[in-house]
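Heads up, run_26.cif below (mmCIF, C-alpha atoms):
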```cif
data_target
#
loop_
_atom_site.group_PDB
_atom_site.id
_atom_site.type_symbol
_atom_site.label_atom_id
_atom_site.label_comp_id
_atom_site.auth_asym_id
_atom_site.auth_seq_id
_atom_site.Cartn_x
_atom_site.Cartn_y
_atom_site.Cartn_z
ATOM 1 C CA MET A 1 83.771 26.181 -217.819
ATOM 2 C CA GLU A 2 85.386 24.467 -214.848
ATOM 3 C CA LYS A 3 83.304 22.938 -212.061
ATOM 4 C CA VAL A 4 84.299 23.656 -208.474
ATOM 5 C CA ILE A 5 83.534 21.446 -205.487
ATOM 6 C CA SER A 6 83.664 23.905 -202.562
ATOM 7 C CA HIS A 7 84.100 27.552 -201.581
ATOM 8 C CA VAL A 8 87.771 26.908 -200.773
ATOM 9 C CA ASP A 9 88.267 25.221 -204.173
ATOM 10 C CA PHE A 10 86.712 28.216 -205.916
ATOM 11 C CA THR A 11 88.564 30.947 -203.991
ATOM 12 C CA THR A 12 91.887 29.189 -204.570
ATOM 13 C CA LYS A 13 91.282 29.052 -208.324
ATOM 14 C CA ALA A 14 89.730 32.529 -208.583
ATOM 15 C CA ALA A 15 92.684 34.128 -206.772
ATOM 16 C CA GLN A 16 94.875 33.204 -209.757
ATOM 17 C CA ASN A 17 92.865 35.464 -212.107
ATOM 18 C CA ASP A 18 92.230 39.201 -212.375
ATOM 19 C CA LYS A 19 88.593 38.547 -213.270
ATOM 20 C CA SER A 20 86.559 35.406 -212.589
ATOM 21 C CA PHE A 21 82.969 34.340 -213.112
ATOM 22 C CA LEU A 22 81.093 31.739 -211.059
ATOM 23 C CA LEU A 23 77.742 30.358 -212.201
ATOM 24 C CA LEU A 24 75.621 28.976 -209.395
ATOM 25 C CA TYR A 25 72.979 26.683 -210.858
ATOM 26 C CA LYS A 26 70.827 23.684 -210.009
ATOM 27 C CA THR A 27 70.660 20.570 -212.175
ATOM 28 C CA GLY A 28 67.144 19.936 -213.464
ATOM 29 C CA ASN A 29 66.113 23.599 -213.189
ATOM 30 C CA GLU A 30 65.075 24.955 -216.613
ATOM 31 C CA GLN A 31 66.448 28.474 -216.038
ATOM 32 C CA SER A 32 69.705 27.014 -214.708
ATOM 33 C CA GLN A 33 70.090 24.781 -217.756
ATOM 34 C CA CYS A 34 69.468 27.804 -219.991
ATOM 35 C CA ALA A 35 72.098 29.901 -218.164
ATOM 36 C CA PHE A 36 74.635 27.051 -218.156
ATOM 37 C CA LYS A 37 74.205 26.403 -221.893
ATOM 38 C CA ASN A 38 74.315 30.089 -222.896
ATOM 39 C CA LEU A 39 77.322 30.865 -220.686
ATOM 40 C CA GLU A 40 79.145 27.805 -221.998
ATOM 41 C CA GLU A 41 78.497 28.943 -225.603
ATOM 42 C CA ALA A 42 79.623 32.495 -224.814
ATOM 43 C CA GLY A 43 82.780 31.252 -223.114
ATOM 44 C CA SER A 44 83.800 28.756 -225.779
ATOM 45 C CA GLY A 45 87.109 29.801 -227.247
ATOM 46 C CA THR A 46 87.780 32.241 -224.399
ATOM 47 C CA LYS A 47 91.089 31.309 -222.850
ATOM 48 C CA THR A 48 91.794 34.470 -220.894
ATOM 49 C CA THR A 49 88.609 34.425 -218.827
ATOM 50 C CA ALA A 50 88.169 32.175 -215.796
ATOM 51 C CA ILE A 51 84.647 30.725 -215.772
ATOM 52 C CA PHE A 52 83.590 28.376 -213.001
ATOM 53 C CA ALA A 53 80.348 26.587 -212.159
ATOM 54 C CA ALA A 54 78.872 25.015 -209.052
ATOM 55 C CA ASP A 55 75.658 23.020 -208.673
ATOM 56 C CA VAL A 56 74.063 24.259 -205.425
ATOM 57 C CA ALA A 57 72.552 20.800 -204.859
ATOM 58 C CA GLU A 58 76.103 19.422 -204.548
ATOM 59 C CA VAL A 59 78.134 22.441 -203.382
ATOM 60 C CA ARG A 60 76.360 23.986 -200.410
ATOM 61 C CA ASP A 61 78.948 26.384 -198.996
ATOM 62 C CA ILE A 62 79.331 28.937 -201.820
ATOM 63 C CA HIS A 63 75.943 30.639 -202.156
ATOM 64 C CA THR A 64 75.685 31.232 -198.400
ATOM 65 C CA ASN A 65 79.028 33.084 -198.384
ATOM 66 C CA TYR A 66 77.709 35.631 -200.903
ATOM 67 C CA GLY A 67 74.062 35.899 -199.829
ATOM 68 C CA ILE A 68 72.726 34.265 -202.996
ATOM 69 C CA SER A 69 69.223 32.868 -202.537
ATOM 70 C CA SER A 70 68.163 32.098 -206.127
ATOM 71 C CA VAL A 71 69.664 30.306 -209.081
ATOM 72 C CA PRO A 72 70.879 30.704 -211.692
ATOM 73 C CA SER A 73 73.168 33.494 -210.522
ATOM 74 C CA LEU A 74 76.419 34.506 -212.188
ATOM 75 C CA LEU A 75 78.826 35.963 -209.631
ATOM 76 C CA ILE A 76 81.548 38.313 -210.854
ATOM 77 C CA PHE A 77 84.884 38.619 -209.069
ATOM 78 C CA GLU A 78 87.776 40.990 -209.614
ATOM 79 C CA LYS A 79 91.106 39.976 -208.077
ATOM 80 C CA GLY A 80 89.220 37.446 -205.950
ATOM 81 C CA LYS A 81 86.771 40.041 -204.571
ATOM 82 C CA PHE A 82 83.016 39.626 -205.177
ATOM 83 C CA VAL A 83 81.839 42.706 -207.116
ATOM 84 C CA ASN A 84 78.511 41.891 -208.769
ATOM 85 C CA VAL A 85 75.855 39.312 -209.605
ATOM 86 C CA VAL A 86 73.711 38.720 -212.704
ATOM 87 C CA LYS A 87 70.577 36.741 -211.897
ATOM 88 C CA GLY A 88 68.529 34.535 -214.189
ATOM 89 C CA CYS A 89 69.224 33.182 -217.641
ATOM 90 C CA GLN A 90 70.637 35.708 -220.114
ATOM 91 C CA GLU A 91 71.164 35.409 -223.858
ATOM 92 C CA ASN A 92 74.583 34.130 -224.893
ATOM 93 C CA THR A 93 75.252 37.511 -226.566
ATOM 94 C CA TYR A 94 74.833 39.174 -223.151
ATOM 95 C CA TYR A 95 77.223 36.692 -221.518
ATOM 96 C CA LYS A 96 79.707 37.133 -224.392
ATOM 97 C CA ALA A 97 79.651 40.909 -223.928
ATOM 98 C CA LEU A 98 80.086 40.441 -220.178
ATOM 99 C CA LEU A 99 83.065 38.123 -220.668
ATOM 100 C CA ASP A 100 84.602 40.507 -223.222
ATOM 101 C CA ASN A 101 84.250 43.481 -220.826
ATOM 102 C CA ALA A 102 81.841 45.172 -223.261
ATOM 103 C CA ILE A 103 79.348 45.875 -220.490
ATOM 104 C CA TYR A 104 79.515 48.842 -218.184
ATOM 105 C CA GLN A 105 79.043 47.499 -214.664
ATOM 106 C CA PRO A 106 78.947 49.611 -211.558
ATOM 107 C CA SER A 107 79.177 47.968 -208.139
ATOM 108 C CA ALA A 108 76.469 45.516 -207.124
ATOM 109 C CA ASN A 109 72.987 46.841 -206.414
ATOM 110 C CA VAL A 110 73.511 50.586 -206.705
ATOM 111 C CA GLU A 111 71.001 52.168 -204.295
ATOM 112 C CA GLY A 112 69.319 48.776 -203.912
ATOM 113 C CA LYS A 113 67.530 49.099 -207.273
ATOM 114 C CA PRO A 114 66.526 45.801 -208.863
ATOM 115 C CA SER A 115 68.600 45.096 -211.954
ATOM 116 C CA LYS A 116 66.965 45.279 -215.347
ATOM 117 C CA ARG A 117 68.308 43.276 -218.247
ATOM 118 C CA VAL A 118 69.443 45.926 -220.733
ATOM 119 C CA THR A 119 71.057 45.273 -224.101
ATOM 120 C CA VAL A 120 72.113 48.045 -226.469
ATOM 121 C CA TYR A 121 72.382 47.182 -230.162
ATOM 122 C CA SER A 122 74.788 49.592 -231.807
ATOM 123 C CA THR A 123 77.577 50.141 -234.314
ATOM 124 C CA PRO A 124 80.955 51.781 -233.652
ATOM 125 C CA THR A 125 80.262 54.668 -236.081
ATOM 126 C CA CYS A 126 76.860 55.604 -234.618
ATOM 127 C CA SER A 127 77.078 58.857 -232.630
ATOM 128 C CA TRP A 128 73.607 58.379 -231.073
ATOM 129 C CA CYS A 129 74.695 54.926 -229.905
ATOM 130 C CA ASN A 130 77.633 56.462 -228.021
ATOM 131 C CA THR A 131 75.367 59.163 -226.576
ATOM 132 C CA LEU A 132 72.924 56.491 -225.368
ATOM 133 C CA LYS A 133 75.679 54.383 -223.776
ATOM 134 C CA SER A 134 77.142 57.443 -222.012
ATOM 135 C CA TRP A 135 73.670 58.320 -220.719
ATOM 136 C CA LEU A 136 73.171 54.753 -219.395
ATOM 137 C CA GLN A 137 76.565 54.852 -217.638
ATOM 138 C CA LYS A 138 75.769 58.249 -216.112
ATOM 139 C CA ASN A 139 72.553 56.741 -214.727
ATOM 140 C CA HIS A 140 74.357 53.637 -213.379
ATOM 141 C CA VAL A 141 72.505 51.215 -215.666
ATOM 142 C CA HIS A 142 74.137 47.850 -216.407
ATOM 143 C CA TYR A 143 74.003 46.993 -220.095
ATOM 144 C CA ALA A 144 75.367 44.639 -222.714
ATOM 145 C CA ASP A 145 76.637 46.249 -225.901
ATOM 146 C CA ILE A 146 76.100 44.220 -229.063
ATOM 147 C CA ASP A 147 77.894 45.526 -232.175
ATOM 148 C CA ILE A 148 75.500 44.471 -234.953
ATOM 149 C CA SER A 149 78.046 45.394 -237.637
ATOM 150 C CA ALA A 150 80.178 42.509 -236.334
ATOM 151 C CA ASP A 151 77.343 40.094 -235.486
ATOM 152 C CA GLU A 152 75.073 39.408 -238.451
ATOM 153 C CA ARG A 153 72.896 36.950 -236.515
ATOM 154 C CA ALA A 154 72.184 39.556 -233.813
ATOM 155 C CA ALA A 155 71.348 42.123 -236.525
ATOM 156 C CA GLN A 156 68.860 39.736 -238.153
ATOM 157 C CA GLU A 157 67.248 38.864 -234.794
ATOM 158 C CA LEU A 158 66.920 42.568 -233.994
ATOM 159 C CA VAL A 159 65.129 43.335 -237.283
ATOM 160 C CA LYS A 160 62.757 40.409 -236.630
ATOM 161 C CA ARG A 161 61.936 41.711 -233.147
ATOM 162 C CA SER A 162 61.615 45.443 -233.825
ATOM 163 C CA GLY A 163 60.994 45.661 -237.564
ATOM 164 C CA GLN A 164 63.720 48.346 -237.680
ATOM 165 C CA GLN A 165 67.277 48.271 -239.023
ATOM 166 C CA GLY A 166 68.516 51.517 -237.482
ATOM 167 C CA VAL A 167 70.554 51.841 -234.307
ATOM 168 C CA PRO A 168 70.670 52.425 -231.443
ATOM 169 C CA GLN A 169 68.047 50.019 -230.229
ATOM 170 C CA THR A 170 67.750 49.112 -226.578
ATOM 171 C CA ASP A 171 66.177 45.941 -225.202
ATOM 172 C CA ILE A 172 64.958 46.497 -221.635
ATOM 173 C CA ASN A 173 63.594 43.271 -220.154
ATOM 174 C CA GLY A 174 62.297 42.267 -223.599
ATOM 175 C CA GLU A 175 60.855 45.649 -224.618
ATOM 176 C CA ILE A 176 62.590 47.425 -227.537
ATOM 177 C CA VAL A 177 63.252 51.173 -227.607
ATOM 178 C CA VAL A 178 64.295 52.444 -231.040
ATOM 179 C CA GLY A 179 66.619 55.455 -231.001
ATOM 180 C CA PHE A 180 67.538 57.582 -228.001
ATOM 181 C CA ASP A 181 64.085 58.211 -226.541
ATOM 182 C CA GLN A 182 65.029 59.460 -223.053
ATOM 183 C CA ASN A 183 61.462 59.632 -221.733
ATOM 184 C CA ARG A 184 60.684 56.045 -222.715
ATOM 185 C CA LEU A 185 64.072 54.830 -221.454
ATOM 186 C CA LYS A 186 63.539 56.591 -218.105
ATOM 187 C CA ASN A 187 60.075 55.075 -217.821
ATOM 188 C CA LEU A 188 61.190 51.503 -218.597
ATOM 189 C CA LEU A 189 64.272 51.781 -216.371
ATOM 190 C CA GLY A 190 62.386 53.387 -213.499
ATOM 191 C CA LEU A 191 64.594 56.500 -213.530
ATOM 192 C CA GLN A 192 63.369 59.916 -212.379
#
```

Please render this file's structure as structure tokens.
Amino acid sequence: MEKVISHVDFTTKAAQNDKSFLLLYKTGNEQSQCAFKNLEEAGSGTKTTAIFAADVAEVRDIHTNYGISSVPSLLIFEKGKFVNVVKGCQENTYYKALLDNAIYQPSANVEGKPSKRVTVYSTPTCSWCNTLKSWLQKNHVHYADIDISADERAAQELVKRSGQQGVPQTDINGEIVVGFDQNRLKNLLGLQ
């Protein structure tokens, strides 16, 4: 993760990449420290992704350019253009999926709906998992996709949280939905 010192510094560096991420944080803020640490862990070993960071207490001209009023906020840019923001501290598995393009992401704030933190735990051979992910995309829901067949630690954490080994399982702001229960998903996501 590379620190930037101004909006001009960031835009110059971001323009050199197809996709860039910028974490706006504040030193001494617990949520910011959490986001910084988890994003740094997720980005370790990633050489193809441009990840930048700016402390809003030191760099005061970035957040105003993008209308960001709270930290931590992870700004996402494609070809230098601001396309989305992820607010708050997320788990490093979420950030890893985001960096690896394993998250479906429509444009920022579709219909002004507040974003929910959604993580789908799945395996590549699970047909219900693919059905669930297609349904989420159709409904413009941002989500991280964690392949538990490739991440043993995530699989163990999931069993501890839900008591279930089967997939798909969906974490919506900390609440687990086992299987493809459309009514419960709609309710938790605030869909009609």

**Asked** If you measure from atom CA of A:Gln192 to atom CA of A:Leu136, what distance in Å do you get, rounded to one decimal?
**Response** 13.1 Å

Starting from the shown file, work through the PyMOL selection byres ((chain A and resi 142-148) around 7) and note down what comes out as a PDB file with C-alpha atoms, in the coordinates of the input.
```pdb
ATOM      1  CA  TYR A  94      74.833  39.174-223.151  1.00  0.00           C
ATOM      2  CA  ALA A  97      79.651  40.909-223.928  1.00  0.00           C
ATOM      3  CA  LEU A  98      80.086  40.441-220.178  1.00  0.00           C
ATOM      4  CA  ALA A 102      81.841  45.172-223.261  1.00  0.00           C
ATOM      5  CA  ILE A 103      79.348  45.875-220.490  1.00  0.00           C
ATOM      6  CA  TYR A 104      79.515  48.842-218.184  1.00  0.00           C
ATOM      7  CA  GLN A 105      79.043  47.499-214.664  1.00  0.00           C
ATOM      8  CA  VAL A 118      69.443  45.926-220.733  1.00  0.00           C
ATOM      9  CA  THR A 119      71.057  45.273-224.101  1.00  0.00           C
ATOM     10  CA  VAL A 120      72.113  48.045-226.469  1.00  0.00           C
ATOM     11  CA  TYR A 121      72.382  47.182-230.162  1.00  0.00           C
ATOM     12  CA  SER A 122      74.788  49.592-231.807  1.00  0.00           C
ATOM     13  CA  THR A 123      77.577  50.141-234.314  1.00  0.00           C
ATOM     14  CA  HIS A 140      74.357  53.637-213.379  1.00  0.00           C
ATOM     15  CA  VAL A 141      72.505  51.215-215.666  1.00  0.00           C
ATOM     16  CA  SER A 149      78.046  45.394-237.637  1.00  0.00           C
ATOM     17  CA  ALA A 150      80.178  42.509-236.334  1.00  0.00           C
ATOM     18  CA  ASP A 151      77.343  40.094-235.486  1.00  0.00           C
ATOM     19  CA  GLU A 152      75.073  39.408-238.451  1.00  0.00           C
ATOM     20  CA  ALA A 154      72.184  39.556-233.813  1.00  0.00           C
ATOM     21  CA  ALA A 155      71.348  42.123-236.525  1.00  0.00           C
TER      22      ALA A 155
END
```

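The closest residue to A:Gly88, picked from A:Leu24, A:Ala14, A:Val159, A:Ile51 and counting only C-alpha atoms, is A:Leu24.
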
**Asked** What is the atom CA of A:Ser73 to atom CA of A:Asp171 distance in Å?
**Response** 20.5 Å

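Our summary of the geometry notes that atom CA of A:Asn17 is positioned 27.9 Å from atom CA of A:Lys116.
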
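Closest to A:Phe21 among A:Gly166, A:Gly190, A:Gly67, A:Gly80 is A:Gly80, based on all atoms listed in the file.
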
**Prompt:** Residues around (70.5, 58.0, -227.5), cut-off 7 Å, counting all atoms listed in the file - what are they as a PyMOL selection string?
**Reply:** chain A and resi 128-129+131-132+168+179-181

**Asked** Which residues fall under the PyMOL selection byres ((chain A and resi 22) around 8) in this file, as a VMD selection string?
**Response** chain A and resid 20 to 21 23 to 24 51 to 54 74 to 76

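Between A:Gln164 and the residues A:Asp9, A:Gly43, A:Ser70, A:Val177, the shortest atom-to-atom distance, using all atoms listed in the file, involves A:Val177.
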
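Remark: for A:Thr11, the closest of the candidate residues A:Asn65, A:Lys26, A:Glu41, A:Gln33 is A:Asn65 (distances computed over only C-alpha atoms).
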
**Item:** Nearest residue to A:Val86 from the set A:His7, A:Arg60, A:Arg117, A:Lys160 (distances using all atoms listed in the file)
**Value:** A:Arg117

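Here the question is which of A:Ala42, A:Val71, A:Met1, A:Ile172 gets nearest to A:Thr93 using only C-alpha atoms, and that residue is A:Ala42.
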
**Request:** Just say which residues the PyMOL selection byres ((chain A and resi 78) around 6) picks in this file, as a ChimeraX atom specification.
**Result:** /A:18-19,77,79-81

Need the axis-aligned box for stretch 47-58 of chain A with 3 Å each side, so what are the centre and edges in Å to one decimal, as AutoDock Vina command-line options?
```
--center_x 82.2 --center_y 26.9 --center_z -213.7 --size_x 25.2 --size_y 21.0 --size_z 24.3
```

Will you give me stretch 81-177 of chain A, written with C-alpha atoms and laid out as an mmCIF file, in the first residue's frame?
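What landed in out01.cif:
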```cif
data_model
loop_
_atom_site.group_PDB
_atom_site.id
_atom_site.type_symbol
_atom_site.label_atom_id
_atom_site.label_comp_id
_atom_site.auth_asym_id
_atom_site.auth_seq_id
_atom_site.Cartn_x
_atom_site.Cartn_y
_atom_site.Cartn_z
ATOM 1 C CA LYS A 81 -12.405 7.481 -12.912
ATOM 2 C CA PHE A 82 -14.106 7.213 -9.495
ATOM 3 C CA VAL A 83 -16.661 4.375 -9.727
ATOM 4 C CA ASN A 84 -17.532 3.247 -6.200
ATOM 5 C CA VAL A 85 -16.865 3.467 -2.470
ATOM 6 C CA VAL A 86 -16.845 0.857 0.312
ATOM 7 C CA LYS A 87 -17.346 2.429 3.727
ATOM 8 C CA GLY A 88 -16.234 1.132 7.103
ATOM 9 C CA CYS A 89 -13.889 -1.662 8.062
ATOM 10 C CA GLN A 90 -14.375 -4.914 6.143
ATOM 11 C CA GLU A 91 -12.864 -8.340 6.747
ATOM 12 C CA ASN A 92 -9.624 -9.007 4.889
ATOM 13 C CA THR A 93 -11.410 -11.775 2.933
ATOM 14 C CA TYR A 94 -13.826 -9.135 1.591
ATOM 15 C CA TYR A 95 -10.949 -6.842 0.590
ATOM 16 C CA LYS A 96 -9.101 -9.790 -0.997
ATOM 17 C CA ALA A 97 -12.168 -10.664 -3.071
ATOM 18 C CA LEU A 98 -12.530 -7.006 -4.050
ATOM 19 C CA LEU A 99 -8.885 -6.783 -5.124
ATOM 20 C CA ASP A 100 -9.169 -10.067 -7.049
ATOM 21 C CA ASN A 101 -12.293 -8.839 -8.906
ATOM 22 C CA ALA A 102 -14.362 -11.607 -7.280
ATOM 23 C CA ILE A 103 -17.071 -9.152 -6.272
ATOM 24 C CA TYR A 104 -19.865 -8.028 -8.526
ATOM 25 C CA GLN A 105 -20.018 -4.244 -8.247
ATOM 26 C CA PRO A 106 -22.512 -2.063 -10.018
ATOM 27 C CA SER A 107 -22.001 1.702 -10.127
ATOM 28 C CA ALA A 108 -21.943 3.615 -6.854
ATOM 29 C CA ASN A 109 -25.170 3.964 -4.893
ATOM 30 C CA VAL A 110 -27.681 2.371 -7.246
ATOM 31 C CA GLU A 111 -30.985 4.183 -6.609
ATOM 32 C CA GLY A 112 -29.443 5.788 -3.523
ATOM 33 C CA LYS A 113 -29.855 2.601 -1.456
ATOM 34 C CA PRO A 114 -27.478 2.296 1.489
ATOM 35 C CA SER A 115 -24.927 -0.441 0.897
ATOM 36 C CA LYS A 116 -25.133 -3.617 2.920
ATOM 37 C CA ARG A 117 -22.054 -5.694 3.571
ATOM 38 C CA VAL A 118 -22.793 -8.989 1.815
ATOM 39 C CA THR A 119 -20.477 -11.985 1.635
ATOM 40 C CA VAL A 120 -21.388 -15.210 -0.149
ATOM 41 C CA TYR A 121 -19.604 -18.381 0.953
ATOM 42 C CA SER A 122 -19.641 -20.858 -1.905
ATOM 43 C CA THR A 123 -17.794 -23.512 -3.882
ATOM 44 C CA PRO A 124 -17.272 -23.600 -7.659
ATOM 45 C CA THR A 125 -19.271 -26.849 -8.066
ATOM 46 C CA CYS A 126 -22.348 -25.662 -6.139
ATOM 47 C CA SER A 127 -25.250 -24.938 -8.513
ATOM 48 C CA TRP A 128 -27.299 -23.169 -5.797
ATOM 49 C CA CYS A 129 -24.307 -20.923 -5.115
ATOM 50 C CA ASN A 130 -24.278 -19.811 -8.762
ATOM 51 C CA THR A 131 -28.054 -19.301 -8.695
ATOM 52 C CA LEU A 132 -27.723 -17.141 -5.565
ATOM 53 C CA LYS A 133 -24.912 -15.031 -7.055
ATOM 54 C CA SER A 134 -26.885 -14.500 -10.286
ATOM 55 C CA TRP A 135 -29.912 -13.450 -8.231
ATOM 56 C CA LEU A 136 -27.792 -10.952 -6.233
ATOM 57 C CA GLN A 137 -26.357 -9.479 -9.456
ATOM 58 C CA LYS A 138 -29.838 -9.195 -10.974
ATOM 59 C CA ASN A 139 -30.900 -7.242 -7.877
ATOM 60 C CA HIS A 140 -27.809 -4.976 -8.005
ATOM 61 C CA VAL A 141 -26.418 -6.202 -4.675
ATOM 62 C CA HIS A 142 -22.682 -5.797 -4.037
ATOM 63 C CA TYR A 143 -21.138 -8.950 -2.611
ATOM 64 C CA ALA A 144 -17.849 -10.643 -1.856
ATOM 65 C CA ASP A 145 -17.525 -14.240 -3.004
ATOM 66 C CA ILE A 146 -15.447 -16.477 -0.749
ATOM 67 C CA ASP A 147 -14.604 -19.920 -2.180
ATOM 68 C CA ILE A 148 -14.457 -22.058 0.977
ATOM 69 C CA SER A 149 -12.993 -24.999 -0.961
ATOM 70 C CA ALA A 150 -9.868 -22.864 -1.461
ATOM 71 C CA ASP A 151 -9.870 -21.116 1.934
ATOM 72 C CA GLU A 152 -9.886 -23.562 4.837
ATOM 73 C CA ARG A 153 -9.754 -20.805 7.467
ATOM 74 C CA ALA A 154 -12.883 -19.148 6.028
ATOM 75 C CA ALA A 155 -14.643 -22.546 5.972
ATOM 76 C CA GLN A 156 -13.820 -23.141 9.648
ATOM 77 C CA GLU A 157 -14.956 -19.624 10.640
ATOM 78 C CA LEU A 158 -18.214 -20.146 8.747
ATOM 79 C CA VAL A 159 -18.989 -23.420 10.563
ATOM 80 C CA LYS A 160 -18.277 -21.695 13.899
ATOM 81 C CA ARG A 161 -20.664 -18.849 13.061
ATOM 82 C CA SER A 162 -23.555 -20.766 11.491
ATOM 83 C CA GLY A 163 -23.110 -24.319 12.753
ATOM 84 C CA GLN A 164 -23.571 -25.472 9.131
ATOM 85 C CA GLN A 165 -21.100 -26.851 6.591
ATOM 86 C CA GLY A 166 -23.288 -26.585 3.495
ATOM 87 C CA VAL A 167 -23.182 -23.806 0.923
ATOM 88 C CA PRO A 168 -24.311 -21.330 -0.150
ATOM 89 C CA GLN A 169 -24.291 -19.249 2.983
ATOM 90 C CA THR A 170 -24.714 -15.501 2.857
ATOM 91 C CA ASP A 171 -23.536 -13.047 5.506
ATOM 92 C CA ILE A 172 -25.601 -9.848 5.370
ATOM 93 C CA ASN A 173 -24.288 -7.285 7.853
ATOM 94 C CA GLY A 174 -23.369 -10.111 10.246
ATOM 95 C CA GLU A 175 -26.550 -12.180 9.854
ATOM 96 C CA ILE A 176 -26.155 -15.602 8.177
ATOM 97 C CA VAL A 177 -28.646 -16.995 5.658
#
```
